[in-house]
file data32.txt (compact mmCIF, C-alpha atoms)
# COMPACT_ATOMS: atom_id res chain seq x y z
CA MET A 227 0.38 -7.01 -37.86
CA ALA A 228 3.55 -8.27 -36.25
CA LYS A 229 3.37 -11.35 -34.06
CA ALA A 230 3.40 -10.78 -30.31
CA ARG A 231 6.94 -10.71 -28.97
CA VAL A 232 6.17 -12.38 -25.64
CA SER A 233 4.13 -15.47 -24.81
CA ILE A 234 3.67 -16.76 -21.23
CA ARG A 235 1.78 -20.03 -21.31
CA ALA A 236 1.49 -23.63 -20.18
CA ASP A 237 1.72 -25.06 -23.71
CA ASP A 238 4.94 -26.26 -25.29
CA PHE A 239 6.56 -24.48 -28.24
CA ASP A 240 8.04 -25.55 -31.56
CA LEU A 241 11.49 -24.06 -32.09
CA GLY A 242 11.39 -24.47 -35.88
CA ALA A 243 7.97 -22.88 -36.24
CA GLU A 244 8.92 -20.00 -33.93
CA VAL A 245 12.12 -19.25 -35.86
CA ALA A 246 10.36 -19.52 -39.21
CA ALA A 247 7.68 -17.04 -38.09
CA LEU A 248 10.26 -14.68 -36.59
CA ARG A 249 12.26 -14.23 -39.79
CA ALA A 250 9.44 -14.62 -42.28
CA GLY A 251 9.58 -12.03 -45.04
CA ASP A 252 12.57 -10.10 -43.64
CA GLY A 253 15.34 -10.07 -46.23
CA GLY A 254 17.53 -7.96 -43.94
CA VAL A 255 18.06 -10.88 -41.61
CA GLY A 256 21.44 -12.56 -41.89
CA ALA A 257 21.55 -14.23 -38.52
CA VAL A 258 19.13 -16.03 -36.23
CA CYS A 259 20.11 -17.01 -32.71
CA ALA A 260 17.82 -19.05 -30.47
CA PHE A 261 18.26 -20.38 -26.95
CA VAL A 262 16.08 -23.08 -25.39
CA GLY A 263 16.20 -23.77 -21.65
CA THR A 264 15.08 -27.23 -20.52
CA VAL A 265 14.35 -29.06 -17.26
CA ARG A 266 17.33 -31.05 -15.96
CA GLU A 267 16.62 -34.42 -14.34
CA ARG A 268 19.01 -33.50 -11.51
CA ASN A 269 19.59 -30.13 -9.84
CA ASP A 270 22.14 -29.43 -7.09
CA GLY A 271 22.74 -33.17 -6.85
CA ALA A 272 19.11 -34.11 -6.21
CA ALA A 273 16.71 -35.89 -8.55
CA VAL A 274 13.98 -33.69 -10.01
CA GLU A 275 10.58 -35.33 -10.51
CA SER A 276 8.78 -32.18 -11.58
CA LEU A 277 9.24 -28.45 -11.76
CA GLU A 278 6.46 -25.94 -11.07
CA LEU A 279 6.76 -22.44 -12.52
CA GLU A 280 4.85 -19.51 -11.02
CA HIS A 281 4.80 -15.96 -12.37
CA TYR A 282 3.28 -12.54 -11.68
CA PRO A 283 0.43 -12.15 -14.17
CA GLY A 284 0.22 -8.66 -15.59
CA MET A 285 3.86 -7.92 -14.79
CA THR A 286 5.79 -10.62 -16.63
CA ASP A 287 4.85 -9.64 -20.17
CA ALA A 288 5.64 -5.96 -19.65
CA ALA A 289 8.96 -6.75 -17.97
CA ILE A 290 10.09 -8.91 -20.87
CA GLU A 291 8.82 -6.37 -23.42
CA SER A 292 11.07 -3.74 -21.84
CA MET A 293 14.00 -6.16 -21.98
CA ILE A 294 13.43 -6.70 -25.69
CA ASP A 295 13.28 -2.93 -26.19
CA GLU A 296 16.64 -2.64 -24.43
CA ALA A 297 18.18 -5.45 -26.49
CA THR A 298 16.92 -3.77 -29.64
CA ARG A 299 18.54 -0.46 -28.62
CA ARG A 300 21.85 -2.11 -27.79
CA PHE A 301 22.23 -4.61 -30.58
CA GLY A 302 20.03 -3.58 -33.47
CA VAL A 303 17.80 -6.61 -33.15
CA ARG A 304 15.40 -6.91 -36.09
CA ALA A 305 12.89 -9.17 -34.34
CA ALA A 306 12.73 -11.04 -31.06
CA ARG A 307 10.49 -13.65 -29.52
CA VAL A 308 10.36 -14.91 -25.94
CA VAL A 309 8.21 -17.86 -24.91
CA HIS A 310 8.20 -18.88 -21.25
CA ARG A 311 6.18 -21.78 -19.93
CA ILE A 312 4.40 -21.82 -16.55
CA GLY A 313 2.77 -24.56 -14.51
CA PRO A 314 4.07 -28.08 -13.94
CA LEU A 315 6.90 -29.33 -16.18
CA ALA A 316 8.56 -32.74 -16.29
CA PRO A 317 12.30 -33.40 -16.70
CA LEU A 318 13.48 -32.86 -20.28
CA ALA A 319 10.60 -30.45 -21.00
CA GLN A 320 11.31 -27.15 -22.68
CA ILE A 321 10.97 -24.16 -20.31
CA VAL A 322 11.97 -21.06 -22.22
CA LEU A 323 12.74 -19.85 -25.73
CA VAL A 324 14.63 -16.69 -26.60
CA ALA A 325 15.03 -16.13 -30.33
CA VAL A 326 16.39 -13.05 -32.10
CA THR A 327 17.15 -12.02 -35.64
CA ALA A 328 19.77 -9.51 -36.72
CA ALA A 329 21.77 -8.58 -39.78
CA HIS A 330 24.92 -10.30 -38.53
CA ARG A 331 25.82 -13.06 -36.11
CA GLY A 332 27.60 -10.88 -33.55
CA GLU A 333 24.51 -8.90 -32.73
CA ALA A 334 22.32 -12.00 -32.77
CA PHE A 335 24.53 -13.95 -30.34
CA GLN A 336 24.91 -10.97 -28.03
CA ALA A 337 21.24 -10.03 -28.01
CA CYS A 338 20.18 -13.61 -27.28
CA GLU A 339 22.60 -13.96 -24.37
CA PHE A 340 21.71 -10.49 -23.07
CA LEU A 341 18.01 -11.34 -23.07
CA MET A 342 18.54 -14.63 -21.23
CA ASP A 343 20.83 -13.00 -18.66
CA TYR A 344 18.29 -10.22 -18.17
CA LEU A 345 15.33 -12.57 -17.92
CA LYS A 346 16.93 -14.84 -15.30
CA THR A 347 17.00 -12.16 -12.60
CA GLN A 348 14.50 -9.50 -13.72
CA ALA A 349 11.43 -11.37 -15.01
CA PRO A 350 9.03 -12.38 -12.23
CA PHE A 351 9.17 -16.17 -12.35
CA TRP A 352 9.76 -18.64 -9.52
CA LYS A 353 10.66 -22.32 -9.79
CA LYS A 354 9.64 -24.99 -7.30
CA GLU A 355 11.20 -28.43 -7.62
CA THR A 356 9.67 -31.65 -6.43
CA GLY A 357 11.93 -34.66 -5.81
CA PRO A 358 12.10 -37.74 -3.57
CA GLY A 359 12.68 -35.48 -0.56
CA GLY A 360 9.62 -33.32 -1.21
CA ALA A 361 9.14 -29.88 -2.75
CA ARG A 362 11.43 -26.86 -2.40
CA TRP A 363 11.69 -23.40 -3.95
CA VAL A 364 14.78 -23.08 -6.13
CA ASP A 365 17.39 -20.66 -4.77
CA ALA A 366 18.50 -17.72 -6.88
CA ARG A 367 22.12 -18.02 -7.99
CA VAL A 368 24.90 -15.50 -7.51
CA ALA A 369 26.18 -16.57 -10.94
CA ASP A 370 23.00 -15.20 -12.54
CA ASP A 371 23.53 -11.78 -10.94
CA LYS A 372 27.12 -11.85 -12.18
CA ALA A 373 25.98 -12.75 -15.68
CA LEU A 374 23.82 -9.63 -15.86
CA ALA A 375 26.58 -7.49 -14.33
CA ARG A 376 28.73 -8.24 -17.40
CA TRP A 377 26.28 -6.09 -19.36
CA GLY A 378 26.62 -3.22 -16.88
CA ILE A 379 23.31 -3.89 -15.13
CA ALA A 380 23.05 -4.50 -11.39
CA ALA A 381 20.69 -7.44 -10.89
CA GLY A 382 20.05 -6.98 -7.15
CA ASN A 383 18.39 -10.40 -7.08
CA VAL A 384 20.35 -12.59 -4.68
CA ASP A 385 21.31 -9.77 -2.30
CA GLY A 386 18.16 -7.71 -2.61
CA PRO A 387 17.16 -4.84 -4.88
CA ALA A 388 19.79 -2.54 -6.30
CA GLY A 389 17.49 0.43 -6.40
CA ALA A 390 15.78 1.15 -9.68
CA ASP A 391 13.47 -0.47 -12.17
CA PRO A 392 15.16 -2.34 -15.04
CA ALA A 393 14.56 0.38 -17.63
CA GLN A 394 16.08 3.09 -15.44
CA ARG A 395 19.07 0.93 -14.60
CA ALA A 396 19.59 -0.03 -18.21
CA GLY A 397 19.56 3.59 -19.27
CA ALA A 398 22.24 4.57 -16.80
CA VAL A 399 24.95 2.11 -17.80
CA PRO A 400 27.44 1.59 -20.62
CA GLU A 401 25.94 0.34 -23.85
CA LYS A 402 28.03 -2.78 -24.14
CA ARG A 403 30.17 -4.96 -21.92
CA MET B 177 -4.68 5.53 1.98
CA LYS B 178 -5.11 2.00 0.81
CA VAL B 179 -2.76 -0.22 -1.19
CA VAL B 180 -3.23 -3.68 -2.66
CA VAL B 181 -0.51 -6.09 -1.56
CA ARG B 182 0.22 -9.22 -3.57
CA TYR B 183 2.41 -12.13 -2.58
CA PHE B 184 4.15 -14.71 -4.74
CA ALA B 185 6.02 -18.01 -4.42
CA ALA B 186 7.09 -18.83 -0.83
CA VAL B 187 5.55 -15.60 0.49
CA ARG B 188 2.22 -16.51 -1.13
CA GLU B 189 2.35 -19.98 0.42
CA ALA B 190 2.81 -18.42 3.85
CA LEU B 191 0.36 -15.51 3.62
CA GLY B 192 -2.05 -16.19 0.77
CA PRO B 193 -2.36 -14.33 -2.55
CA GLY B 194 -2.58 -10.86 -1.03
CA GLU B 195 -4.53 -8.36 1.01
CA ASP B 196 -5.68 -4.73 1.07
CA VAL B 197 -3.69 -2.68 3.55
CA GLU B 198 -4.29 0.77 5.02
CA VAL B 199 -1.06 2.79 5.16
CA ASP B 200 0.11 6.26 6.14
CA SER B 201 0.08 8.81 3.30
CA ARG B 202 3.90 9.08 3.53
CA ALA B 203 4.42 5.33 3.36
CA ASP B 204 7.04 3.72 1.16
CA ILE B 205 7.52 0.05 0.40
CA ALA B 206 9.97 -0.42 3.27
CA SER B 207 7.57 1.01 5.87
CA LEU B 208 4.74 -1.10 4.45
CA ARG B 209 6.87 -4.24 4.71
CA ASP B 210 7.91 -3.42 8.27
CA ALA B 211 4.32 -2.69 9.30
CA LEU B 212 3.18 -6.03 7.88
CA ALA B 213 6.06 -7.90 9.55
CA ALA B 214 5.25 -6.18 12.87
CA ARG B 215 1.97 -8.11 12.96
CA GLY B 216 4.11 -11.05 14.06
CA GLY B 217 3.41 -14.72 13.38
CA ARG B 218 3.44 -15.74 9.76
CA HIS B 219 3.84 -12.16 8.57
CA ALA B 220 7.00 -11.72 10.65
CA GLU B 221 8.33 -15.02 9.39
CA ALA B 222 7.63 -14.29 5.69
CA LEU B 223 8.34 -10.54 5.49
CA GLY B 224 10.88 -9.88 8.28
CA ARG B 225 14.31 -8.47 7.55
CA GLN B 226 15.86 -11.93 7.96
CA ARG B 227 14.39 -12.67 4.50
CA VAL B 228 15.83 -11.45 1.22
CA LEU B 229 12.81 -10.22 -0.72
CA ARG B 230 12.24 -8.18 -3.84
CA SER B 231 9.36 -5.85 -4.42
CA ALA B 232 7.37 -4.24 -7.20
CA ARG B 233 5.19 -1.14 -7.34
CA ASN B 234 2.42 -1.26 -9.91
CA ARG B 235 4.06 -4.29 -11.52
CA VAL B 236 7.52 -2.80 -11.99
CA LEU B 237 10.50 -3.98 -9.92
CA CYS B 238 11.59 -1.23 -7.55
CA ALA B 239 13.59 -0.40 -4.45
CA GLU B 240 11.93 -0.39 -1.05
CA SER B 241 12.58 3.35 -0.80
CA THR B 242 9.90 3.86 -3.48
CA ALA B 243 7.04 6.03 -2.21
CA LEU B 244 3.48 4.76 -2.40
CA ALA B 245 0.28 6.41 -3.62
CA ASP B 246 -3.34 5.58 -2.91
CA GLY B 247 -4.48 2.55 -4.86
CA ASP B 248 -1.00 1.26 -5.66
CA GLU B 249 -0.37 -2.43 -6.14
CA VAL B 250 2.69 -3.67 -4.23
CA GLY B 251 4.21 -7.09 -4.79
CA PHE B 252 6.48 -8.88 -2.29
CA PHE B 253 8.32 -12.01 -3.41
CA PRO B 254 11.59 -13.97 -3.12
CA PRO B 255 14.47 -13.47 -5.58
CA LEU B 256 13.52 -14.42 -9.12
CA THR B 257 14.38 -17.84 -10.55
CA GLY B 258 12.94 -18.05 -14.06
CA GLY B 259 14.58 -18.91 -17.33
call {"tool": "encode", "arguments": {"input": "data32.txt", "output": "structure tokens"}}
result
Amino acid sequence: MAKARVSIRADDFDLGAEVAALRAGDGGVGAVCAFVGTVRERNDGAAVESLELEHYPGMTDAAIESMIDEATRRFGVRAARVVHRIGPLAPLAQIVLVAVTAAHRGEAFQACEFLMDYLKTQAPFWKKETGPGGARWVDARVADDKALARWGIAAGNVDGPAGADPAQRAGAVPEKR
Amino acid sequence: MKVVVRYFAAVREALGPGEDVEVDSRADIASLRDALAARGGRHAEALGRQRVLRSARNRVLCAESTALADGDEVGFFPPLTGG
């Protein structure tokens, strides 16, 4: 049985082990692309002492599964794996892994970037930073909405919902940027 | 009919994890939000139109014009900041 494509958890992950498992036994793979997001020690000019990640249990996994389905349709992904950590994280900690395999590098690079852009504004996670001045919820960034717009998908995150669920929106737009 | 409302992040901090709410049979997410905000106090502060919020019906992101059915789960939360 294939390994689960999505893991939401407090525990850290091992990039090498994840990539090895993802491409194990698949001789059609010619390219692996992996992205790891980590906790910066400063954000918006302020020191970060810790980062707390909250999510919507029961929704997050399904949302990311549908994103992987969409990436597979668009780019011919052979296998994909998303690990996202929740709970308290210290500066320098790993937060998120997106890894994909494909026959060629173009599809692998594109699918990995697409999945990260999608996840940033459409997966139900929230970050709260604690620093010397206390705790504050991290603001959503216009740049993240723009990043998803490059793929023809309206994020509707910073300015409010655009209107449809991600799968419907994805189905109504051009296949590639 | 009754719906289950769930709150996350800053909305959860203000209002708690959620509540069961009785709504009109023609309710959509927008009318539910407005009815909750009309209670005033913390609800008005957390759910009023001065806030940019996103919503989900039965754990799928959706527009506030989405109609509701008995037993639905509705999530209200700030813009998403994962990754």
call {"tool": "interface_residues", "arguments": {"input": "data32.txt", "of": "chain B", "to": "chain A", "cutoff": "10 Å", "atoms": "all atoms listed in the file", "output": "mmCIF file with C-alpha atoms, in the coordinates of the input"}}
result
data_model
loop_
_atom_site.group_PDB
_atom_site.id
_atom_site.type_symbol
_atom_site.label_atom_id
_atom_site.label_comp_id
_atom_site.auth_asym_id
_atom_site.auth_seq_id
_atom_site.Cartn_x
_atom_site.Cartn_y
_atom_site.Cartn_z
ATOM 1 C CA ARG B 182 0.220 -9.220 -3.570
ATOM 2 C CA TYR B 183 2.410 -12.130 -2.580
ATOM 3 C CA PHE B 184 4.150 -14.710 -4.740
ATOM 4 C CA ALA B 185 6.020 -18.010 -4.420
ATOM 5 C CA ALA B 186 7.090 -18.830 -0.830
ATOM 6 C CA ARG B 227 14.390 -12.670 4.500
ATOM 7 C CA VAL B 228 15.830 -11.450 1.220
ATOM 8 C CA LEU B 229 12.810 -10.220 -0.720
ATOM 9 C CA ARG B 230 12.240 -8.180 -3.840
ATOM 10 C CA SER B 231 9.360 -5.850 -4.420
ATOM 11 C CA ALA B 232 7.370 -4.240 -7.200
ATOM 12 C CA ARG B 233 5.190 -1.140 -7.340
ATOM 13 C CA ASN B 234 2.420 -1.260 -9.910
ATOM 14 C CA ARG B 235 4.060 -4.290 -11.520
ATOM 15 C CA VAL B 236 7.520 -2.800 -11.990
ATOM 16 C CA LEU B 237 10.500 -3.980 -9.920
ATOM 17 C CA CYS B 238 11.590 -1.230 -7.550
ATOM 18 C CA ALA B 239 13.590 -0.400 -4.450
ATOM 19 C CA GLU B 240 11.930 -0.390 -1.050
ATOM 20 C CA SER B 241 12.580 3.350 -0.800
ATOM 21 C CA THR B 242 9.900 3.860 -3.480
ATOM 22 C CA GLY B 251 4.210 -7.090 -4.790
ATOM 23 C CA PHE B 253 8.320 -12.010 -3.410
ATOM 24 C CA PRO B 254 11.590 -13.970 -3.120
ATOM 25 C CA PRO B 255 14.470 -13.470 -5.580
ATOM 26 C CA LEU B 256 13.520 -14.420 -9.120
ATOM 27 C CA THR B 257 14.380 -17.840 -10.550
ATOM 28 C CA GLY B 258 12.940 -18.050 -14.060
ATOM 29 C CA GLY B 259 14.580 -18.910 -17.330
#
call {"tool": "atom_distance", "arguments": {"input": "data32.txt", "atom1": "CA of Cys259 (chain A)", "atom2": "CA of Val308 (chain A)"}}
result
12.1 Å
call {"tool": "closest_residue", "arguments": {"input": "data32.txt", "among": "A:Gly378, A:Gly271, A:Gly302, A:Gly242", "to": "Phe335 (chain A)", "atoms": "only C-alpha atoms"}}
result
A:Gly302
call {"tool": "atom_distance", "arguments": {"input": "data32.txt", "atom1": "CA of Arg299 (chain A)", "atom2": "CA of Asp240 (chain A)"}}
result
27.4 Å
call {"tool": "residues_around", "arguments": {"input": "data32.txt", "residues": "Asp196 (chain B)", "least_positions_apart": "5", "cutoff": "8 Å", "atoms": "all atoms listed in the file", "output": "PyMOL selection string"}}
result
chain B and resi 178-181
call {"tool": "atom_distance", "arguments": {"input": "data32.txt", "atom1": "CA of Leu318 (chain A)", "atom2": "CA of Glu267 (chain A)"}}
result
6.9 Å
call {"tool": "residues_around", "arguments": {"input": "data32.txt", "residues": "Ser201 (chain B)", "least_positions_apart": "4", "cutoff": "9 Å", "atoms": "only C-alpha atoms", "output": "list in words"}}
result
Met177, Lys178, Leu244, Ala245 and Asp246 of chain B
call {"tool": "residues_near_point", "arguments": {"input": "data32.txt", "point": "(9.2, -13.0, -39.5)", "cutoff": "10 Å", "atoms": "all atoms listed in the file", "output": "PyMOL selection string"}}
result
chain A and resi 228-229+244-253+255+304-306+327
call {"tool": "residues_near_point", "arguments": {"input": "data32.txt", "point": "(10.0, 0.9, 6.5)", "cutoff": "12 Å", "atoms": "only C-alpha atoms", "output": "ChimeraX atom specification"}}
result
/B:199-200,202-214,223-225,239-244
call {"tool": "closest_residue", "arguments": {"input": "data32.txt", "among": "A:Val303, A:Ala325, A:Val258, A:Ala373", "to": "Val232 (chain A)", "atoms": "only C-alpha atoms"}}
result
A:Ala325
